[in-house]
file run.pdb (PDB, C-alpha atoms)
ATOM      1  CA  MET A  28       4.137 -25.895 -43.530
ATOM      2  CA  ARG A  29       1.293 -25.508 -46.053
ATOM      3  CA  VAL A  30       1.255 -21.954 -47.445
ATOM      4  CA  LEU A  31      -1.519 -20.532 -49.627
ATOM      5  CA  VAL A  32      -0.330 -17.537 -51.687
ATOM      6  CA  VAL A  33      -3.043 -15.283 -53.130
ATOM      7  CA  ASP A  34      -2.039 -12.655 -55.676
ATOM      8  CA  ASP A  35      -3.221 -11.597 -59.129
ATOM      9  CA  ASN A  36       0.370 -11.044 -60.315
ATOM     10  CA  GLN A  37       1.652 -14.247 -61.908
ATOM     11  CA  ASP A  38       5.299 -13.177 -61.547
ATOM     12  CA  PHE A  39       4.850 -12.722 -57.791
ATOM     13  CA  LEU A  40       3.103 -16.101 -57.499
ATOM     14  CA  LEU A  41       6.019 -17.772 -59.264
ATOM     15  CA  LEU A  42       8.647 -15.973 -57.186
ATOM     16  CA  ALA A  43       6.866 -16.650 -53.890
ATOM     17  CA  THR A  44       6.309 -20.299 -54.811
ATOM     18  CA  LYS A  45       9.977 -20.853 -55.659
ATOM     19  CA  ALA A  46      11.198 -19.122 -52.495
ATOM     20  CA  LEU A  47       8.769 -20.909 -50.186
ATOM     21  CA  GLU A  48       9.345 -24.331 -51.753
ATOM     22  CA  ALA A  49      13.112 -23.823 -51.493
ATOM     23  CA  ALA A  50      12.569 -23.251 -47.763
ATOM     24  CA  GLY A  51      10.741 -26.592 -47.551
ATOM     25  CA  HIS A  52       7.123 -25.422 -47.564
ATOM     26  CA  VAL A  53       4.230 -26.887 -49.543
ATOM     27  CA  VAL A  54       2.711 -24.095 -51.637
ATOM     28  CA  ASP A  55      -0.726 -23.643 -53.184
ATOM     29  CA  VAL A  56      -1.611 -20.529 -55.193
ATOM     30  CA  GLN A  57      -4.782 -18.649 -56.056
ATOM     31  CA  ALA A  58      -5.002 -15.672 -58.415
ATOM     32  CA  SER A  59      -7.999 -14.042 -56.716
ATOM     33  CA  ALA A  60      -9.569 -13.482 -53.332
ATOM     34  CA  PHE A  61     -12.608 -15.416 -54.548
ATOM     35  CA  GLY A  62     -10.277 -18.388 -55.101
ATOM     36  CA  LEU A  63      -8.947 -17.924 -51.569
ATOM     37  CA  VAL A  64     -12.395 -17.990 -50.005
ATOM     38  CA  ASN A  65     -13.370 -21.076 -52.031
ATOM     39  CA  ARG A  66     -10.071 -22.850 -51.262
ATOM     40  CA  VAL A  67      -9.924 -22.156 -47.530
ATOM     41  CA  ALA A  68     -13.622 -22.264 -46.647
ATOM     42  CA  GLY A  69     -14.518 -25.003 -49.131
ATOM     43  CA  ALA A  70     -14.034 -28.716 -48.879
ATOM     44  CA  SER A  71     -11.048 -28.871 -51.266
ATOM     45  CA  GLY A  72      -8.456 -30.437 -49.003
ATOM     46  CA  ALA A  73      -6.715 -29.456 -45.803
ATOM     47  CA  ALA A  74      -6.685 -25.835 -44.735
ATOM     48  CA  PRO A  75      -3.335 -24.092 -45.143
ATOM     49  CA  ASP A  76      -1.175 -23.352 -42.122
ATOM     50  CA  VAL A  77      -0.806 -19.734 -43.270
ATOM     51  CA  VAL A  78      -2.107 -17.502 -46.063
ATOM     52  CA  MET A  79      -0.091 -14.809 -47.872
ATOM     53  CA  LEU A  80      -2.740 -12.395 -49.160
ATOM     54  CA  ASP A  81      -2.241  -9.476 -51.544
ATOM     55  CA  CYS A  82      -3.973  -6.318 -50.278
ATOM     56  CA  ASP A  83      -4.796  -4.936 -53.703
ATOM     57  CA  LEU A  84      -6.765  -7.618 -55.544
ATOM     58  CA  PRO A  85      -9.426  -6.918 -58.170
ATOM     59  CA  GLY A  86     -13.036  -7.781 -57.371
ATOM     60  CA  LEU A  87     -12.869  -8.892 -53.764
ATOM     61  CA  THR A  88     -10.016  -6.992 -52.114
ATOM     62  CA  GLY A  89      -7.574  -8.574 -49.700
ATOM     63  CA  PRO A  90      -9.012  -6.792 -46.638
ATOM     64  CA  ALA A  91     -12.558  -7.810 -47.629
ATOM     65  CA  ALA A  92     -11.448 -11.436 -48.013
ATOM     66  CA  LEU A  93      -9.671 -11.237 -44.655
ATOM     67  CA  ASP A  94     -12.918 -10.048 -43.068
ATOM     68  CA  LEU A  95     -14.824 -13.003 -44.560
ATOM     69  CA  LEU A  96     -12.210 -15.452 -43.269
ATOM     70  CA  ALA A  97     -12.307 -13.894 -39.799
ATOM     71  CA  ARG A  98     -16.099 -14.292 -39.616
ATOM     72  CA  ASP A  99     -16.074 -18.008 -40.475
ATOM     73  CA  ARG A 100     -15.349 -20.280 -37.493
ATOM     74  CA  ARG A 101     -13.586 -22.774 -39.816
ATOM     75  CA  THR A 102     -11.068 -20.196 -41.002
ATOM     76  CA  GLN A 103     -10.823 -17.555 -38.288
ATOM     77  CA  LEU A 104      -7.723 -19.135 -36.741
ATOM     78  CA  VAL A 105      -5.754 -19.448 -40.004
ATOM     79  CA  PRO A 106      -2.950 -16.847 -39.835
ATOM     80  CA  VAL A 107      -2.952 -14.367 -42.707
ATOM     81  CA  VAL A 108       0.002 -12.257 -43.812
ATOM     82  CA  LEU A 109      -1.080  -9.241 -45.874
ATOM     83  CA  VAL A 110       1.392  -8.317 -48.594
ATOM     84  CA  SER A 111       1.487  -5.525 -51.131
ATOM     85  CA  ALA A 112       3.839  -4.273 -53.800
ATOM     86  CA  ALA A 113       3.094  -0.653 -54.620
ATOM     87  CA  ALA A 114       3.395   0.206 -58.319
ATOM     88  CA  SER A 115       4.656   3.698 -57.494
ATOM     89  CA  PRO A 116       5.641   5.635 -54.357
ATOM     90  CA  GLY A 117       2.210   7.316 -54.213
ATOM     91  CA  HIS A 118       0.160   4.148 -54.758
ATOM     92  CA  ARG A 119      -1.954   2.935 -51.836
ATOM     93  CA  ALA A 120      -4.241  -0.090 -51.561
ATOM     94  CA  ALA A 121      -7.900   0.740 -51.052
TER      95      ALA A 121
END
call {"tool": "encode", "arguments": {"input": "run.pdb", "output": "structure tokens"}}
result
Amino acid sequence: MRVLVVDDNQDFLLLATKALEAAGHVVDVQASAFGLVNRVAGASGAAPDVVMLDCDLPGLTGPAALDLLARDRRTQLVPVVLVSAAASPGHRAA
């Protein structure tokens, strides 16, 4: 399975990549939602089978990127898993 992991935290990208590759998946990473939109909607190779998308990204948030993907007929059927790691118990994604 081709998995695209989108997160601005380099440690998370490394951890997710190692875990997913150990499970036999092919992993691509992007550090921003803008990179996600360009990678999935652009002509840069095959679309991933699933996207792991951080909810709390700078610039273009995860939910905003999800909305853009859902509106595009080329990407609306790509499954997206929203992930988040709260910095503190009171932290919430916007």
call {"tool": "resolve_selection", "arguments": {"input": "run.pdb", "expression": "the PyMOL selection byres ((chain A and resi 49-66) around 9)", "output": "MDAnalysis selection string"}}
result
chainID A and resid 28:37 40 43:48 67:72 74:75 78 80:81 84:89 91:93 95:96
call {"tool": "closest_residue", "arguments": {"input": "run.pdb", "among": "A:Asp83, A:Leu42, A:Ala73, A:Pro90", "to": "A:Val107", "atoms": "only C-alpha atoms"}}
result
A:Pro90
call {"tool": "atom_distance", "arguments": {"input": "run.pdb", "atom1": "atom CA of A:Asp38", "atom2": "atom CA of A:Asp76"}}
result
22.9 Å
call {"tool": "atom_distance", "arguments": {"input": "run.pdb", "atom1": "atom CA of A:Ala112", "atom2": "atom CA of A:Val77"}}
result
19.3 Å
call {"tool": "build_atoms", "arguments": {"input": "run.pdb", "residues": "stretch 71-96 of chain A", "atoms": "N, CA and C atoms", "output": "short mmCIF file (atom, residue, chain, number, x, y, z; two decimals), keeping the file's coordinate frame"}}
result
data_model
loop_
_atom_site.label_atom_id
_atom_site.label_comp_id
_atom_site.auth_asym_id
_atom_site.auth_seq_id
_atom_site.Cartn_x
_atom_site.Cartn_y
_atom_site.Cartn_z
N SER A 71 -12.06 -28.42 -50.30
CA SER A 71 -11.05 -28.87 -51.27
C SER A 71 -9.71 -29.16 -50.59
N GLY A 72 -9.70 -30.05 -49.64
CA GLY A 72 -8.46 -30.44 -49.00
C GLY A 72 -8.24 -29.77 -47.67
N ALA A 73 -7.06 -30.00 -47.12
CA ALA A 73 -6.72 -29.46 -45.80
C ALA A 73 -6.51 -27.95 -45.87
N ALA A 74 -6.89 -27.28 -44.82
CA ALA A 74 -6.68 -25.84 -44.74
C ALA A 74 -5.19 -25.56 -44.67
N PRO A 75 -4.75 -24.43 -45.23
CA PRO A 75 -3.34 -24.09 -45.14
C PRO A 75 -2.96 -23.72 -43.71
N ASP A 76 -1.66 -23.78 -43.43
CA ASP A 76 -1.18 -23.35 -42.12
C ASP A 76 -1.09 -21.83 -42.04
N VAL A 77 -0.88 -21.20 -43.20
CA VAL A 77 -0.81 -19.73 -43.27
C VAL A 77 -1.20 -19.29 -44.68
N VAL A 78 -1.73 -18.09 -44.78
CA VAL A 78 -2.11 -17.50 -46.06
C VAL A 78 -1.30 -16.22 -46.27
N MET A 79 -0.70 -16.08 -47.45
CA MET A 79 -0.09 -14.81 -47.87
C MET A 79 -1.09 -14.17 -48.82
N LEU A 80 -1.63 -13.01 -48.44
CA LEU A 80 -2.74 -12.40 -49.16
C LEU A 80 -2.38 -11.00 -49.65
N ASP A 81 -2.47 -10.79 -50.95
CA ASP A 81 -2.24 -9.48 -51.54
C ASP A 81 -3.35 -8.53 -51.10
N CYS A 82 -2.99 -7.32 -50.73
CA CYS A 82 -3.97 -6.32 -50.28
C CYS A 82 -4.79 -5.74 -51.42
N ASP A 83 -4.20 -5.67 -52.59
CA ASP A 83 -4.80 -4.94 -53.70
C ASP A 83 -5.23 -5.88 -54.82
N LEU A 84 -6.25 -6.68 -54.56
CA LEU A 84 -6.76 -7.62 -55.54
C LEU A 84 -8.00 -7.04 -56.23
N PRO A 85 -8.21 -7.37 -57.50
CA PRO A 85 -9.43 -6.92 -58.17
C PRO A 85 -10.65 -7.71 -57.69
N GLY A 86 -11.80 -7.10 -57.77
CA GLY A 86 -13.04 -7.78 -57.37
C GLY A 86 -13.23 -7.75 -55.88
N LEU A 87 -12.81 -8.79 -55.22
CA LEU A 87 -12.87 -8.89 -53.76
C LEU A 87 -11.48 -8.56 -53.24
N THR A 88 -11.34 -7.43 -52.57
CA THR A 88 -10.02 -6.99 -52.11
C THR A 88 -9.48 -7.90 -51.01
N GLY A 89 -8.19 -7.80 -50.77
CA GLY A 89 -7.57 -8.57 -49.70
C GLY A 89 -8.21 -8.32 -48.34
N PRO A 90 -8.38 -7.05 -47.93
CA PRO A 90 -9.01 -6.79 -46.64
C PRO A 90 -10.45 -7.32 -46.55
N ALA A 91 -11.19 -7.27 -47.64
CA ALA A 91 -12.56 -7.81 -47.63
C ALA A 91 -12.53 -9.33 -47.48
N ALA A 92 -11.59 -9.99 -48.15
CA ALA A 92 -11.45 -11.44 -48.01
C ALA A 92 -11.02 -11.80 -46.60
N LEU A 93 -10.12 -11.01 -46.03
CA LEU A 93 -9.67 -11.24 -44.66
C LEU A 93 -10.85 -11.16 -43.69
N ASP A 94 -11.73 -10.19 -43.91
CA ASP A 94 -12.92 -10.05 -43.07
C ASP A 94 -13.82 -11.28 -43.17
N LEU A 95 -14.01 -11.80 -44.39
CA LEU A 95 -14.82 -13.00 -44.56
C LEU A 95 -14.20 -14.20 -43.84
N LEU A 96 -12.89 -14.34 -43.94
CA LEU A 96 -12.21 -15.45 -43.27
C LEU A 96 -12.32 -15.33 -41.75
#
